[in-house]
Amino acid sequence: MTNPPWCGAISRRTFVTGLTAGAALLGLSSLPLAARTRVPPPTILSGEHFSLKVGQRPVNFTGQRRNAISVNGSVPGPVLHWREGQTVTLNVFSQLPKDTSIHWHGIRVPSNMNGVPGLNFPGIRPGENFRYRFKVKQSGTYWYHSHSSFQRQQGLYGAIVIDPIDEDPVAYDRDYVVLLSDWSDDSPQRIYSNLKKDGHYYNRHRRRTTTDLWRDVRAKGIEQTWRERHPWNFAGISDRDVSDITSDTYSYLINGQTPEDNWTALFAPGEKVRLRFINASAMTIFDLRIPGLDMTVVSADGQNIQPLRVDEFRLGTGETYDVVVRPKEDRAYTLFAQAIDRGGFARGTLTPNQKFTAEVPSMDPIPILDERDLGFTPASGAKAAGRQPSAEEHSGKLAPAGLGSNSSIIHQPTEKGHGVALRALTPKNGVYDPGVGLRKHQQRYNRRVLCYADLRSLTPSLGQREPQRELQLHLTGNPARYLWSVDGVKYRNATPILLTYGERIRITLVNDTLLTQPMHLHGLWSELETGDGEYLPRKHTVIVQPGAKISFLVNADTRGRWALHCQMLYRAHGIFREVRVV
Amino acid sequence: MNHHTIIKATTTALIALCSEPSFQAALAQNQEDLHHSIQSRSNETTVGEGNGIAGEEDKPTAKFSFDQFERRGQNGAAIEGDFSYGGDINKLVLEIDFERGGGETEKNERWLVYSRAISKNWNFLSGIRHDLQRESTSRNWLAVGLIGETPYSLEMDAVLFLGKSGSTAFRLEAEYEAKLAEKVTLIPRLELNFFGQNDEIAGSGTGLSQAELGLRLLYEIHPKFSPYVGVHHEREVGNAADFAREEGEKVYTTVWVIGIRAWF
């Protein structure tokens with residue numbers, strides 16, 4: 001089966017979501033019999049009118065039967081295939097016993113179609129229907145999910161693929177959605193309750209032991225060990241708390257398939273395969289690689305970028321990356337997505353023959369946070385690679401578009417008390433950092449890791465204007481009490497951020513926590529300031545590294561009520577702000 | 001000076017402090033301040049309505065925990081446990097502290113306290129302690145204290161007690177969790193009991209009166225359930241030691257312990 005007969009017949013625009021679709025094309029119907037019943041893979045819906053039924057269905061990802069929230073009976077929900085320029089109508093009917101909603105993540109829609117209950121519409125009540133209708137003004141890979149309660153954890157998510165109206169600058173022969181998610185057999189309410197009672201419930205096992213201490217003392221001596229450990233021990237924090245929910249409860253899925261199920265995508269050697277990676281998880285940051293294959297990243301958050309060759313990239317919760325690979329050999333390759341805490345992974349296989357599998361690599365060592373993640377930059381180490389604004393550091397003038405913030409870091413008076421554990425004093429610009437657990441991979445493993453600073457839009461920046469003002473927001477929290485906030489104030493107690501219609505603003509996010517925080521802005525593009533002001537990548541979700549800062553420019557070009565929030569589900573209620581464009 | 005008056009006044013003050021309306025007012029003021037501080041960013045005064053997600057976190061948390069539930073030696077036992085209920089800042093805590101050794105009940109306390117988060121690691125608590133064991137200068141105490149974590153992760157409780165007729169007591173508890181392996185934890189624990197007066201019947205003396213030292217080795221079967229074994233040492237100090245000698249009782253005992261630590 002080295003050269004499938006349908007290979008030439010399949011349209012470049014046709015894409016399949018998994019082995020079953022591929023097998024169906026081949027006329028094969030037999031699947032390996034598993035002890036558990038697999039959830040059927042998502043179907044692909046295209047056209048202009050969509051009927052989406054949100055309901056419950058039994059699933060079994062771990063050997064335990066549980067109920068998940070499905071869309072049209074599948075988890076993930078169907079892939080929605082749109083075309084730029086179309087006006088799409090989506091009728092969402094809820095069969096859930098509780099209110100629900102669907103938010104189109106990364107899609108620029110009118111405010112009342114954005115799907116956040118309370119901000120954009122009242123939500124969809126049990127047994128009721130809501131009709132979304134909007135014009136599709138963009139192309140690329142996006143996704144949708146519930147914005148109600150913790151329903152995203154329970155399976156209410158799915159992919160959106162939009163074909164461009166013009167010629168696609170990306171050439172490919174096959175097209176696959178690779179949607180990553182995390183699943184727990186425990187209810188999200190139980191997970192949240194565990195975290196409220198013990199903020200380290202799911203990450204305590206990864207903490208240092210006395211054996212680690214002994215090893216350090218032997219290797220470095222007492223004095224050096226003391227010096228290194230002091231900031232952590234004094235503050236009572238662990239340098240291994242990179243994730244607050246881990247594989248202690250999670251199983252990681254690709255298109256709803258466990259690593260054991262092994263989601264499989266077919267190719268013929270020499271073909272270009274486009275992989276649309278989507279992180280639809282509730283609380284998991286994934287690090288992706290395909291050992292043996294060169295990856296070319298062609299788009300970030302649905303927007304085309306100048307092709308970028310990497311071996312590994314971090315996919316923050318809510319982010320998407322499109323990658324093109326060209327496997328030439330007649331062998332299988334493993335899609336390997338390890339969770340940031342290295343407690344588990346999602347796995348799939350790219351293969352020319354469904355009987356082939358490839359070796360599953362072992363996970364990298366547990367990431368260990370260092371002083372930069374605390375937001376302390378020793379004076380000697382202040383120089384970072386790349387362009388850093390410095391000339392106008394104290395002039396009070398905003399740095400030019402693209403360079404990021406040069407403003408001083410100001411901790412608001414509200415940023416104190418029981419809800420705030422840490423404050424980054426000298427946060428560095430996170431665009432130059434691949435992130436904890438991925439540093440030095442070039443030297444160690446000869447893997448080139450994607451860094452935000454590498455991202456350059458394929459088309460020029462949206463506005464060549466300089467930012468008119470800057471807004472600095474601090475992401476704050478106390479993991480032990482499991483409290484989260486912006487500037488020490490949780491959403492419930494905060495007033496909206498007002499943007500004037502038409503203005504161009506710089507938003508600088510400072511992460512005053514030790515956790516990597518993917519931040520999602522609804523409705524407006526976030527032009528990430530990666531250095532080159534001419535070609536700023538447009539994103540909808542931006543990773544803010546621990547103890548670091550990051551800036552993006554926003555054109556307030558759509559009126560309405562939008563959300564700027566942490567994409568991590570159990571921190572989102574606190575790290576959330578309404579952004580109102582008036 | 002009439003001690004009853006002092007206690008009465010303190011009780012009234014505490015009740016006033018804990019009573020819902022005044023705290024609500026304080027809370028409202030607190031939130032008001034927060035609004036003002038972010039006012040510069042916005043002209044609106046409406047705060048976050050729904051966002052689909054907010055609200056889940058507002059549900060109160062109810063937690064049962066048993067730090068000690070153990071057999072001590074041949075004929076002793078100890079229970080230290082509590083039930084807490086409340087939100088992120090304010091909680092109501094019911095506590096039980098029971099110790100039995102050498103065939104007699106040494107401690108049998110019921111606490112009802114209000115706990116308030118005052119900093120990232122510390123809670124302030126105030127309330128009452130009722131002693132069920134008879135031998136004591138006072139069976140009802142007002143309790144005021146701090147519970148939290150010091151730098152270097154030392155868990156600490158420091159509580160001052162005000163009893164009948166101006167009697168005072170102070171209890172300091174400290175413990176440290178040394179993680180030996182993924183699921184194995186060694187917990188050294190120290191408890192010091194101080195009194196403001198001699199009480200021959202209860203066997204307590206002025207100043208440091210009694211000290212307890214424990215070492216427990218826990219194995220985590222489930223994050224919420226860890227059985228342990230260990231040793232418990234306690235001794236009377238100063239006047240209390242003299243009282244014990246006069247009574248012909250032992251000044252110190254060392255016993256093995258076996259028990260469970262659990263919460264849910």
# chains A, B, ... in the order shown; residues from 1 in each chain; ligands from 1
>>> residues_around(residues="Gly547 in chain A", least_positions_apart="2", cutoff="12 Å", atoms="only C-alpha atoms", output="MDAnalysis selection string")
chainID A and resid 369:377 409 422:430 433 435:436 474:476 509:517 543:545 549:550
>>> interface_residues(of="chain A", to="chain B", cutoff="7 Å", atoms="only C-alpha atoms", output="PyMOL selection string")
chain A and resi 116-119+147-149+197+205+209-211+233-236+414+417-421+478+489+491-498+573
>>> write_last_selection(atoms="C-alpha atoms", output="PDB file, in the first residue's frame")
ATOM      1  CA  VAL A 116     -20.103  34.537  26.043  1.00  0.00           C
ATOM      2  CA  PRO A 117     -23.111  34.367  28.377  1.00  0.00           C
ATOM      3  CA  GLY A 118     -23.559  37.632  30.219  1.00  0.00           C
ATOM      4  CA  LEU A 119     -21.339  39.599  27.865  1.00  0.00           C
ATOM      5  CA  HIS A 147     -18.077  29.358  27.432  1.00  0.00           C
ATOM      6  CA  SER A 148     -20.401  28.172  30.184  1.00  0.00           C
ATOM      7  CA  SER A 149     -19.280  26.808  33.510  1.00  0.00           C
ATOM      8  CA  LYS A 197      -9.180  22.612  49.389  1.00  0.00           C
ATOM      9  CA  HIS A 205       3.909  14.508  43.533  1.00  0.00           C
ATOM     10  CA  THR A 209      12.247  15.425  47.751  1.00  0.00           C
ATOM     11  CA  THR A 210      14.995  15.236  50.335  1.00  0.00           C
ATOM     12  CA  THR A 211      16.808  12.989  47.860  1.00  0.00           C
ATOM     13  CA  ASN A 233      12.128  27.841  50.249  1.00  0.00           C
ATOM     14  CA  PHE A 234      11.758  31.265  51.768  1.00  0.00           C
ATOM     15  CA  ALA A 235       8.635  31.923  49.706  1.00  0.00           C
ATOM     16  CA  GLY A 236       7.416  28.371  50.281  1.00  0.00           C
ATOM     17  CA  THR A 414      -4.709  46.208  44.892  1.00  0.00           C
ATOM     18  CA  GLY A 417      -3.242  40.491  50.408  1.00  0.00           C
ATOM     19  CA  HIS A 418      -4.440  36.937  50.594  1.00  0.00           C
ATOM     20  CA  GLY A 419      -4.974  36.556  46.856  1.00  0.00           C
ATOM     21  CA  VAL A 420      -1.524  37.501  45.619  1.00  0.00           C
ATOM     22  CA  ALA A 421       1.443  35.265  46.344  1.00  0.00           C
ATOM     23  CA  ASN A 478      -2.304  32.574  45.065  1.00  0.00           C
ATOM     24  CA  VAL A 489      -8.880  41.977  41.574  1.00  0.00           C
ATOM     25  CA  TYR A 491     -13.478  39.565  37.503  1.00  0.00           C
ATOM     26  CA  ARG A 492     -16.466  39.781  39.829  1.00  0.00           C
ATOM     27  CA  ASN A 493     -15.079  42.931  41.436  1.00  0.00           C
ATOM     28  CA  ALA A 494     -13.588  44.581  38.370  1.00  0.00           C
ATOM     29  CA  THR A 495     -14.882  47.228  36.043  1.00  0.00           C
ATOM     30  CA  PRO A 496     -14.522  46.836  32.262  1.00  0.00           C
ATOM     31  CA  ILE A 497     -11.484  48.097  30.404  1.00  0.00           C
ATOM     32  CA  LEU A 498     -12.666  50.743  27.975  1.00  0.00           C
ATOM     33  CA  HIS A 573     -13.101  33.131  36.419  1.00  0.00           C
TER      34      HIS A 573
END
>>> closest_residue(among="A:Tyr432, A:Phe356, A:Trp562, A:Tyr202", to="Gly106 in chain A", atoms="only C-alpha atoms")
A:Trp562
>>> atom_distance(atom1="CA of Gly230 in chain B", atom2="CA of Leu215 in chain B")
5.4 Å
>>> atom_distance(atom1="CA of Ser126 in chain B", atom2="CA of Val93 in chain B")
9.9 Å
>>> residues_around(residues="Ala77 in chain B", least_positions_apart="3", cutoff="12 Å", atoms="only C-alpha atoms", output="PyMOL selection string")
chain B and resi 68-74+80+97-108+232+255-260
>>> write_last_selection(atoms="C-alpha atoms", output="PDB file, in the first residue's frame")
ATOM      1  CA  GLN B  68      -4.310  13.124  63.633  1.00  0.00           C
ATOM      2  CA  PHE B  69      -6.520  10.139  64.138  1.00  0.00           C
ATOM      3  CA  GLU B  70      -4.306   7.800  66.031  1.00  0.00           C
ATOM      4  CA  ARG B  71      -3.675   5.171  68.614  1.00  0.00           C
ATOM      5  CA  ARG B  72      -1.015   6.229  71.123  1.00  0.00           C
ATOM      6  CA  GLY B  73       0.738   3.379  72.870  1.00  0.00           C
ATOM      7  CA  GLN B  74      -1.199   0.709  74.728  1.00  0.00           C
ATOM      8  CA  GLU B  80      -7.212  16.382  65.910  1.00  0.00           C
ATOM      9  CA  ASP B  97      -8.870  18.167  69.835  1.00  0.00           C
ATOM     10  CA  PHE B  98      -8.847  15.031  71.917  1.00  0.00           C
ATOM     11  CA  GLU B  99      -5.981  13.294  73.675  1.00  0.00           C
ATOM     12  CA  ARG B 100      -6.031  10.317  75.945  1.00  0.00           C
ATOM     13  CA  GLY B 101      -2.983   8.822  77.622  1.00  0.00           C
ATOM     14  CA  GLY B 102      -2.202   6.649  80.610  1.00  0.00           C
ATOM     15  CA  GLY B 103      -5.842   5.713  80.936  1.00  0.00           C
ATOM     16  CA  GLU B 104      -7.129   9.229  81.421  1.00  0.00           C
ATOM     17  CA  THR B 105      -8.454  11.945  79.118  1.00  0.00           C
ATOM     18  CA  GLU B 106      -5.876  14.697  78.984  1.00  0.00           C
ATOM     19  CA  LYS B 107      -7.515  16.950  76.490  1.00  0.00           C
ATOM     20  CA  ASN B 108     -11.012  17.054  75.050  1.00  0.00           C
ATOM     21  CA  HIS B 232       5.019  10.786  70.353  1.00  0.00           C
ATOM     22  CA  VAL B 255       4.784   6.180  73.020  1.00  0.00           C
ATOM     23  CA  TRP B 256       4.467   4.787  69.521  1.00  0.00           C
ATOM     24  CA  VAL B 257       1.613   6.007  67.396  1.00  0.00           C
ATOM     25  CA  ILE B 258      -0.277   4.554  64.485  1.00  0.00           C
ATOM     26  CA  GLY B 259      -3.016   6.404  62.680  1.00  0.00           C
ATOM     27  CA  ILE B 260      -4.353   8.108  59.608  1.00  0.00           C
TER      28      ILE B 260
END
>>> residues_around(residues="Arg108 in chain A", least_positions_apart="4", cutoff="10 Å", atoms="only C-alpha atoms", output="list of chain:residue names")
A:Trp104, A:Met113, A:Asn114, A:Phe134, A:Lys135, A:Val136, A:Lys137, A:Gln138, A:His522, A:Gly523, A:Leu524, A:Trp525, A:His540, A:Thr558
>>> write_last_selection(atoms="C-alpha atoms", output="PDB file, in the first residue's frame")
ATOM      1  CA  TRP A 104     -15.978  30.803  18.234  1.00  0.00           C
ATOM      2  CA  MET A 113     -22.497  36.446  17.997  1.00  0.00           C
ATOM      3  CA  ASN A 114     -19.421  35.877  20.153  1.00  0.00           C
ATOM      4  CA  PHE A 134     -22.127  36.022  10.796  1.00  0.00           C
ATOM      5  CA  LYS A 135     -19.914  36.696   7.831  1.00  0.00           C
ATOM      6  CA  VAL A 136     -16.624  34.795   7.753  1.00  0.00           C
ATOM      7  CA  LYS A 137     -13.938  37.394   7.186  1.00  0.00           C
ATOM      8  CA  GLN A 138     -10.831  35.310   7.742  1.00  0.00           C
ATOM      9  CA  HIS A 522     -11.963  37.874  22.014  1.00  0.00           C
ATOM     10  CA  GLY A 523     -13.134  39.715  18.951  1.00  0.00           C
ATOM     11  CA  LEU A 524      -9.993  41.743  18.175  1.00  0.00           C
ATOM     12  CA  TRP A 525      -6.603  40.696  16.878  1.00  0.00           C
ATOM     13  CA  HIS A 540      -5.888  35.478  19.531  1.00  0.00           C
ATOM     14  CA  THR A 558     -15.034  46.228  16.355  1.00  0.00           C
TER      15      THR A 558
END
>>> residues_around(residues="Leu156 in chain A", least_positions_apart="3", cutoff="8 Å", atoms="only C-alpha atoms", output="list in words")
Val54, Ile69, Ser70, Val71, Val75, Pro76, Gly77, His145, Ser146, Gln151, Arg152 and Gln153 of chain A
>>> write_last_selection(atoms="N, CA and C atoms", output="compact mmCIF listing (two decimals), in the first residue's frame")
# COMPACT_ATOMS: atom_id res chain seq x y z
N VAL A 54 -26.23 20.10 21.00
CA VAL A 54 -25.38 19.87 22.17
C VAL A 54 -26.12 18.94 23.12
N ILE A 69 -19.97 15.85 27.28
CA ILE A 69 -20.86 16.72 26.52
C ILE A 69 -20.42 16.65 25.06
N SER A 70 -21.35 16.34 24.21
CA SER A 70 -21.00 16.14 22.80
C SER A 70 -21.73 17.16 21.94
N VAL A 71 -21.23 17.32 20.73
CA VAL A 71 -21.94 18.11 19.73
C VAL A 71 -22.24 17.13 18.59
N VAL A 75 -17.33 13.64 20.41
CA VAL A 75 -16.37 14.37 21.26
C VAL A 75 -14.99 14.16 20.66
N PRO A 76 -14.32 15.15 20.12
CA PRO A 76 -14.76 16.53 19.93
C PRO A 76 -15.99 16.60 18.99
N GLY A 77 -16.59 17.78 18.97
CA GLY A 77 -17.71 17.99 18.07
C GLY A 77 -17.25 17.99 16.63
N HIS A 145 -15.84 26.32 21.39
CA HIS A 145 -16.02 25.63 22.67
C HIS A 145 -17.08 26.31 23.49
N SER A 146 -17.55 25.62 24.50
CA SER A 146 -18.52 26.20 25.42
C SER A 146 -17.85 27.26 26.25
N GLN A 151 -17.84 23.42 31.05
CA GLN A 151 -18.24 22.46 30.02
C GLN A 151 -17.14 22.12 29.02
N ARG A 152 -16.16 23.01 28.89
CA ARG A 152 -15.05 22.72 27.98
C ARG A 152 -14.28 21.49 28.47
N GLN A 153 -14.22 21.34 29.80
CA GLN A 153 -13.54 20.17 30.35
C GLN A 153 -14.28 18.88 30.01
>>> residues_around(residues="Arg342 in chain A", least_positions_apart="5", cutoff="9 Å", atoms="only C-alpha atoms", output="list in words")
Thr246, Ser247, Met363, Asp364, Pro365, Ile366 and Pro367 of chain A
>>> residues_around(residues="Val449 in chain A", least_positions_apart="5", cutoff="12 Å", atoms="only C-alpha atoms", output="ChimeraX atom specification")
/A:287-289,294-297,308-315,432-444,454-455
>>> closest_residue(among="A:Gly463, A:Pro400, A:Gly55, A:Pro40", to="Gly531 in chain A", atoms="only C-alpha atoms")
A:Pro400
